[in-house]
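Q: Just dropping this structure here.
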Amino acid sequence: MTAAGPAGTPSVSDMRRPDGRWARTGDRHWRGGALLATGCAALFGAMSLLVDWDAGSLSPLRALLWVGLSAAFFTVLLPAQVTAGTGWLAVRGPWRRQMVRTDALTTVWRYDGVSSRLVLRDAYGDRLELDPRVLAANPLIWHEFDTGVRRSVERGTLLQGGDVLDRLGHDIDDETVLAVLKASGLS
């Protein structure tokens with residue numbers, strides 16, 4: 001990402017608060033997912049060590065193997081951490097961090113299947129993949145994302161995927177309406 005974008009786009013310094021920190025909002029369900037991943041990995045490691053110890057075959061090498069497998073299990077289960085701010089969206093996984101400028105999006109794809117993925121690409125060549133359910137479950141992230149997409153449309157940078165975003169917006173609105181009706185006891 002460059003320090004200053006095309007005419008009309010904010011620079012990187014515009015994405016910081018006056019105190020120098022990034023203005024951002026995060027996935028409100030990530031901590032619960034991380035705790036679940038930690039608990040499952042710890043339970044797997046403890047049970048593996050216990051069964052191996054009970055069988056009388058536990059050695060330091062086998063204990064290291066079980067600890068390593070528990071760490072791998074944790075890494076697989078740990079959900080990606082999604083954060084958003086004015087004009088940007090970031091996804092941090094265990095191995096890498098992806099970030100796109102939502103106010104300079106060029107293409108958007110949605111892959112449905114066992115695991116639905118939303119793929120975003122911005123004018124700077126950055127690419128990001130995320131689960132669209134994160135946007136539906138976090139209204140603040142959805143608001144930041146939607147605001148950035150509207151800026152992309154206004155600036156004419158969004159070349160492909162407007163229909164995907166419209167469908168996603170309708171899906172999120174439908175889920176919100178159903179949640180409100182369910183909470184009010186009308187459904």
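Chain labels run A, B, ... following the order of the structure tokens; each chain numbers its residues from 1, and ligands are numbered from 1 in the order shown.
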Quick one: residues within 9 Å of A:Pro94, only C-alpha atoms counted, chain neighbours fewer than 5 positions away excluded, as an mmCIF file with N, CA and C atoms, in the first residue's frame?
A:
```cif
data_model
loop_
_atom_site.group_PDB
_atom_site.id
_atom_site.type_symbol
_atom_site.label_atom_id
_atom_site.label_comp_id
_atom_site.auth_asym_id
_atom_site.auth_seq_id
_atom_site.Cartn_x
_atom_site.Cartn_y
_atom_site.Cartn_z
ATOM 1 N N THR A 75 -3.695 -24.260 15.462
ATOM 2 C CA THR A 75 -3.488 -23.397 14.305
ATOM 3 C C THR A 75 -4.593 -23.585 13.275
ATOM 4 N N VAL A 76 -5.024 -24.820 13.078
ATOM 5 C CA VAL A 76 -6.091 -25.095 12.117
ATOM 6 C C VAL A 76 -7.423 -24.528 12.609
ATOM 7 N N LEU A 78 -7.940 -22.007 14.833
ATOM 8 C CA LEU A 78 -7.958 -20.577 15.145
ATOM 9 C C LEU A 78 -8.586 -19.786 14.001
ATOM 10 N N PRO A 79 -9.662 -19.045 14.266
ATOM 11 C CA PRO A 79 -10.301 -18.271 13.185
ATOM 12 C C PRO A 79 -9.457 -17.056 12.813
ATOM 13 N N ALA A 80 -9.609 -16.624 11.568
ATOM 14 C CA ALA A 80 -8.921 -15.419 11.113
ATOM 15 C C ALA A 80 -9.516 -14.213 11.838
#
```
Q: Please list as a ChimeraX atom specification every residue within 8 Å of A:Ser152, counting only C-alpha atoms and excluding residues in the same chain fewer than 2 positions away.
A: /A:102-106,148-150,154-158
Q: Output N, CA, C and O atoms of each residue in that selection to a file, as a PDB file, in the first residue's frame.
A:
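So the final result, stored in again_10.pdb, reads:
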```
ATOM      1  N   THR A 102     -10.941  -0.614   0.944  1.00  0.00           N
ATOM      2  CA  THR A 102     -12.325  -0.794   0.501  1.00  0.00           C
ATOM      3  C   THR A 102     -12.824   0.402  -0.290  1.00  0.00           C
ATOM      4  O   THR A 102     -13.793   0.283  -1.028  1.00  0.00           O
ATOM      5  N   ASP A 103     -12.151   1.535  -0.155  1.00  0.00           N
ATOM      6  CA  ASP A 103     -12.553   2.707  -0.931  1.00  0.00           C
ATOM      7  C   ASP A 103     -11.872   2.738  -2.296  1.00  0.00           C
ATOM      8  O   ASP A 103     -12.033   3.699  -3.045  1.00  0.00           O
ATOM      9  N   ALA A 104     -11.130   1.679  -2.630  1.00  0.00           N
ATOM     10  CA  ALA A 104     -10.479   1.572  -3.937  1.00  0.00           C
ATOM     11  C   ALA A 104     -10.601   0.143  -4.472  1.00  0.00           C
ATOM     12  O   ALA A 104      -9.701  -0.356  -5.140  1.00  0.00           O
ATOM     13  N   LEU A 105     -11.733  -0.514  -4.185  1.00  0.00           N
ATOM     14  CA  LEU A 105     -11.932  -1.878  -4.675  1.00  0.00           C
ATOM     15  C   LEU A 105     -12.102  -1.882  -6.192  1.00  0.00           C
ATOM     16  O   LEU A 105     -12.728  -0.984  -6.753  1.00  0.00           O
ATOM     17  N   THR A 106     -11.533  -2.899  -6.832  1.00  0.00           N
ATOM     18  CA  THR A 106     -11.707  -3.042  -8.277  1.00  0.00           C
ATOM     19  C   THR A 106     -12.562  -4.250  -8.629  1.00  0.00           C
ATOM     20  O   THR A 106     -13.377  -4.182  -9.539  1.00  0.00           O
ATOM     21  N   GLY A 148     -16.922   1.961   2.535  1.00  0.00           N
ATOM     22  CA  GLY A 148     -15.799   1.920   1.603  1.00  0.00           C
ATOM     23  C   GLY A 148     -16.221   1.502   0.210  1.00  0.00           C
ATOM     24  O   GLY A 148     -15.756   2.054  -0.793  1.00  0.00           O
ATOM     25  N   VAL A 149     -17.119   0.512   0.123  1.00  0.00           N
ATOM     26  CA  VAL A 149     -17.609   0.053  -1.180  1.00  0.00           C
ATOM     27  C   VAL A 149     -18.351   1.176  -1.888  1.00  0.00           C
ATOM     28  O   VAL A 149     -18.182   1.382  -3.093  1.00  0.00           O
ATOM     29  N   ARG A 150     -19.146   1.929  -1.146  1.00  0.00           N
ATOM     30  CA  ARG A 150     -19.874   3.055  -1.755  1.00  0.00           C
ATOM     31  C   ARG A 150     -18.904   4.091  -2.316  1.00  0.00           C
ATOM     32  O   ARG A 150     -19.143   4.667  -3.378  1.00  0.00           O
ATOM     33  N   GLU A 154     -18.588   5.355  -6.153  1.00  0.00           N
ATOM     34  CA  GLU A 154     -18.587   6.784  -6.488  1.00  0.00           C
ATOM     35  C   GLU A 154     -17.378   7.157  -7.331  1.00  0.00           C
ATOM     36  O   GLU A 154     -17.482   7.952  -8.267  1.00  0.00           O
ATOM     37  N   ARG A 155     -16.221   6.604  -7.002  1.00  0.00           N
ATOM     38  CA  ARG A 155     -14.977   6.929  -7.713  1.00  0.00           C
ATOM     39  C   ARG A 155     -14.822   6.157  -9.008  1.00  0.00           C
ATOM     40  O   ARG A 155     -13.925   6.451  -9.796  1.00  0.00           O
ATOM     41  N   GLY A 156     -15.652   5.141  -9.208  1.00  0.00           N
ATOM     42  CA  GLY A 156     -15.600   4.363 -10.440  1.00  0.00           C
ATOM     43  C   GLY A 156     -14.504   3.321 -10.473  1.00  0.00           C
ATOM     44  O   GLY A 156     -14.169   2.827 -11.556  1.00  0.00           O
ATOM     45  N   THR A 157     -13.947   2.962  -9.332  1.00  0.00           N
ATOM     46  CA  THR A 157     -12.889   1.947  -9.324  1.00  0.00           C
ATOM     47  C   THR A 157     -13.444   0.536  -9.324  1.00  0.00           C
ATOM     48  O   THR A 157     -12.757  -0.384  -9.757  1.00  0.00           O
ATOM     49  N   LEU A 158     -14.675   0.337  -8.838  1.00  0.00           N
ATOM     50  CA  LEU A 158     -15.261  -1.005  -8.771  1.00  0.00           C
ATOM     51  C   LEU A 158     -15.719  -1.410 -10.169  1.00  0.00           C
ATOM     52  O   LEU A 158     -16.727  -0.937 -10.684  1.00  0.00           O
TER      53      LEU A 158
END
```
Q: Identify all residues of stretch 2-185 of chain A in strand (DSSP E or B) (DSSP on the backbone) and supply them as a PyMOL selection string.
A: chain A and resi 16+22+25-26+81-85+88-92+97-101+105-111+117-122+127-130+160
Q: Find the residues near stretch 30-39 of chain A: any atom within 10 Å, counting only C-alpha atoms, skip ones fewer than 4 places away on the same chain, and give them as a PyMOL selection string.
A: chain A and resi 26+43-45+70-71+73-82+134
Q: Atoms to include: N, CA and C atoms. Write the selected residues as a CSV table (one decimal), in the first residue's frame.
A:
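Dumped everything to out.csv:
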```csv
chain,number,residue,atom,x,y,z
A,26,GLY,N,-13.2,-4.4,15.3
A,26,GLY,CA,-12.8,-5.8,15.1
A,26,GLY,C,-14.0,-6.8,15.2
A,43,LEU,N,-7.5,-29.7,25.2
A,43,LEU,CA,-8.2,-31.0,25.5
A,43,LEU,C,-7.6,-32.2,24.7
A,44,PHE,N,-7.3,-31.9,23.4
A,44,PHE,CA,-6.7,-32.9,22.6
A,44,PHE,C,-5.4,-33.3,23.1
A,45,GLY,N,-4.5,-32.3,23.4
A,45,GLY,CA,-3.2,-32.6,24.0
A,45,GLY,C,-3.2,-33.4,25.3
A,70,SER,N,-1.0,-30.9,19.0
A,70,SER,CA,-1.9,-30.0,19.6
A,70,SER,C,-1.8,-28.6,19.1
A,71,ALA,N,-0.5,-28.2,18.9
A,71,ALA,CA,-0.2,-26.9,18.4
A,71,ALA,C,-0.7,-26.7,16.9
A,73,PHE,N,-3.2,-28.5,15.7
A,73,PHE,CA,-4.7,-28.5,15.8
A,73,PHE,C,-5.2,-27.1,16.2
A,74,PHE,N,-4.5,-26.4,17.1
A,74,PHE,CA,-4.8,-25.1,17.4
A,74,PHE,C,-4.8,-24.1,16.2
A,75,THR,N,-3.7,-24.3,15.5
A,75,THR,CA,-3.5,-23.4,14.3
A,75,THR,C,-4.6,-23.6,13.3
A,76,VAL,N,-5.0,-24.8,13.1
A,76,VAL,CA,-6.1,-25.1,12.1
A,76,VAL,C,-7.4,-24.5,12.6
A,77,LEU,N,-7.7,-24.6,13.9
A,77,LEU,CA,-9.0,-24.2,14.5
A,77,LEU,C,-9.1,-22.7,14.7
A,78,LEU,N,-7.9,-22.0,14.8
A,78,LEU,CA,-8.0,-20.6,15.1
A,78,LEU,C,-8.6,-19.8,14.0
A,79,PRO,N,-9.7,-19.0,14.3
A,79,PRO,CA,-10.3,-18.3,13.2
A,79,PRO,C,-9.5,-17.1,12.8
A,80,ALA,N,-9.6,-16.6,11.6
A,80,ALA,CA,-8.9,-15.4,11.1
A,80,ALA,C,-9.5,-14.2,11.8
A,81,GLN,N,-8.7,-13.3,12.2
A,81,GLN,CA,-9.1,-12.1,12.9
A,81,GLN,C,-9.4,-11.0,11.8
A,82,VAL,N,-10.6,-10.5,11.8
A,82,VAL,CA,-11.0,-9.5,10.8
A,82,VAL,C,-11.2,-8.1,11.5
A,134,VAL,N,-18.7,-13.3,8.6
A,134,VAL,CA,-18.1,-12.3,9.6
A,134,VAL,C,-18.7,-10.9,9.4
```
Q: Using only C-alpha atoms, can you tell me which of A:Leu168, A:Gly162, A:Arg151, A:Leu186 comes closest to A:Thr86?
A: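 Ranked by minimum distance to A:Thr86, first place goes to A:Arg151.
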Q: What lies within 7 Å of A:Arg127 using only C-alpha atoms, ignoring chain neighbours under 3 positions off, as a ChimeraX atom specification?
A: /A:98,100,120-122
Q: Kindly export the residues of the current selection with C-alpha atoms, as a PDB file, in the first residue's frame.
A:
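Result went into again.pdb, see below:
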```
ATOM      1  CA  GLN A  98      -4.091  -9.439   4.158  1.00  0.00           C
ATOM      2  CA  VAL A 100      -7.329  -4.079   1.066  1.00  0.00           C
ATOM      3  CA  LEU A 120     -11.689  -8.649  -2.728  1.00  0.00           C
ATOM      4  CA  ARG A 121      -9.026  -6.933  -4.850  1.00  0.00           C
ATOM      5  CA  ASP A 122      -8.168  -3.242  -4.681  1.00  0.00           C
TER       6      ASP A 122
END
```
Q: For A:Trp66, please output as a PyMOL selection string all residues within 12 Å (counting only C-alpha atoms; exclusion window: fewer than 5 positions along the same chain).
A: chain A and resi 41-53+58-61+71-73
Q: Quick one: of A:Gly68, A:Gly125, A:Gly56, A:Pro132, who's nearest to A:Trp109, counting only C-alpha atoms?
A: A:Pro132
Q: With only C-alpha atoms as the atoms that count, which of A:Val114, A:Leu89, A:Val67, A:Ala183 lies nearest to A:Asp126?
A: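 Smallest separation from A:Asp126 among the options: A:Leu89.
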Q: Name the residues of stretch 13-153 of chain A that fall into helix (DSSP H, G or I) according to DSSP on the backbone, using the chain letters and numbers of this document, as a ChimeraX atom specification.
A: /A:13-15,30-54,60-77,102-104,132-137,139-153
Q: Could you write out the selected residues, including C-alpha atoms, as a compact mmCIF listing (two decimals), in the first residue's frame?
A:
```txt
# COMPACT_ATOMS: atom_id res chain seq x y z
CA SER A 13 -1.91 8.74 7.63
CA ASP A 14 -5.63 9.51 7.24
CA MET A 15 -6.43 6.04 8.61
CA TRP A 30 -13.17 -13.71 17.37
CA ARG A 31 -12.22 -13.99 21.04
CA GLY A 32 -14.82 -16.73 21.58
CA GLY A 33 -13.53 -18.62 18.55
CA ALA A 34 -9.95 -18.26 19.77
CA LEU A 35 -10.94 -19.55 23.23
CA LEU A 36 -12.73 -22.50 21.65
CA ALA A 37 -9.66 -23.31 19.54
CA THR A 38 -7.45 -23.08 22.64
CA GLY A 39 -9.76 -25.32 24.65
CA CYS A 40 -10.08 -27.95 21.93
CA ALA A 41 -6.31 -28.05 21.33
CA ALA A 42 -5.59 -28.25 25.07
CA LEU A 43 -8.17 -31.01 25.53
CA PHE A 44 -6.74 -32.93 22.58
CA GLY A 45 -3.20 -32.61 23.96
CA ALA A 46 -4.18 -33.56 27.49
CA MET A 47 -6.25 -36.56 26.39
CA SER A 48 -3.50 -37.75 24.04
CA LEU A 49 -0.87 -37.51 26.75
CA LEU A 50 -3.16 -39.18 29.28
CA VAL A 51 -4.02 -42.11 27.01
CA ASP A 52 -0.37 -42.55 26.03
CA TRP A 53 0.72 -42.39 29.70
CA ASP A 54 -1.99 -44.88 30.72
CA PRO A 60 9.72 -37.53 25.96
CA LEU A 61 9.72 -37.88 22.16
CA ARG A 62 6.07 -39.00 22.09
CA ALA A 63 5.11 -36.19 24.49
CA LEU A 64 6.78 -33.72 22.12
CA LEU A 65 4.84 -35.26 19.24
CA TRP A 66 1.50 -34.84 21.07
CA VAL A 67 2.32 -31.24 22.00
CA GLY A 68 3.26 -30.53 18.38
CA LEU A 69 0.04 -32.07 17.10
CA SER A 70 -1.94 -30.02 19.62
CA ALA A 71 -0.24 -26.86 18.37
CA ALA A 72 -1.06 -27.80 14.77
CA PHE A 73 -4.66 -28.51 15.81
CA PHE A 74 -4.85 -25.06 17.44
CA THR A 75 -3.49 -23.40 14.31
CA VAL A 76 -6.09 -25.09 12.12
CA LEU A 77 -8.98 -24.20 14.45
CA THR A 102 -12.33 -0.79 0.50
CA ASP A 103 -12.55 2.71 -0.93
CA ALA A 104 -10.48 1.57 -3.94
CA PRO A 132 -18.92 -13.33 4.44
CA ARG A 133 -20.56 -14.54 7.68
CA VAL A 134 -18.09 -12.32 9.56
CA LEU A 135 -19.61 -9.28 7.85
CA ALA A 136 -23.13 -10.45 8.70
CA ALA A 137 -22.25 -11.09 12.36
CA PRO A 139 -22.56 -4.67 12.06
CA LEU A 140 -19.67 -2.26 12.69
CA ILE A 141 -17.37 -4.11 10.28
CA TRP A 142 -20.22 -4.30 7.76
CA HIS A 143 -20.78 -0.54 8.08
CA GLU A 144 -17.09 0.26 7.48
CA PHE A 145 -16.99 -2.17 4.56
CA ASP A 146 -20.21 -0.87 3.00
CA THR A 147 -19.07 2.75 3.36
CA GLY A 148 -15.80 1.92 1.60
CA VAL A 149 -17.61 0.05 -1.18
CA ARG A 150 -19.87 3.05 -1.75
CA ARG A 151 -16.77 5.23 -2.13
CA SER A 152 -15.37 2.76 -4.67
CA VAL A 153 -18.58 2.96 -6.66
```
Q: Just how far from atom CA of A:Arg96 is atom CA of A:Arg167, in Å to one decimal?
A: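 These two atoms are separated by 28.7 Å.
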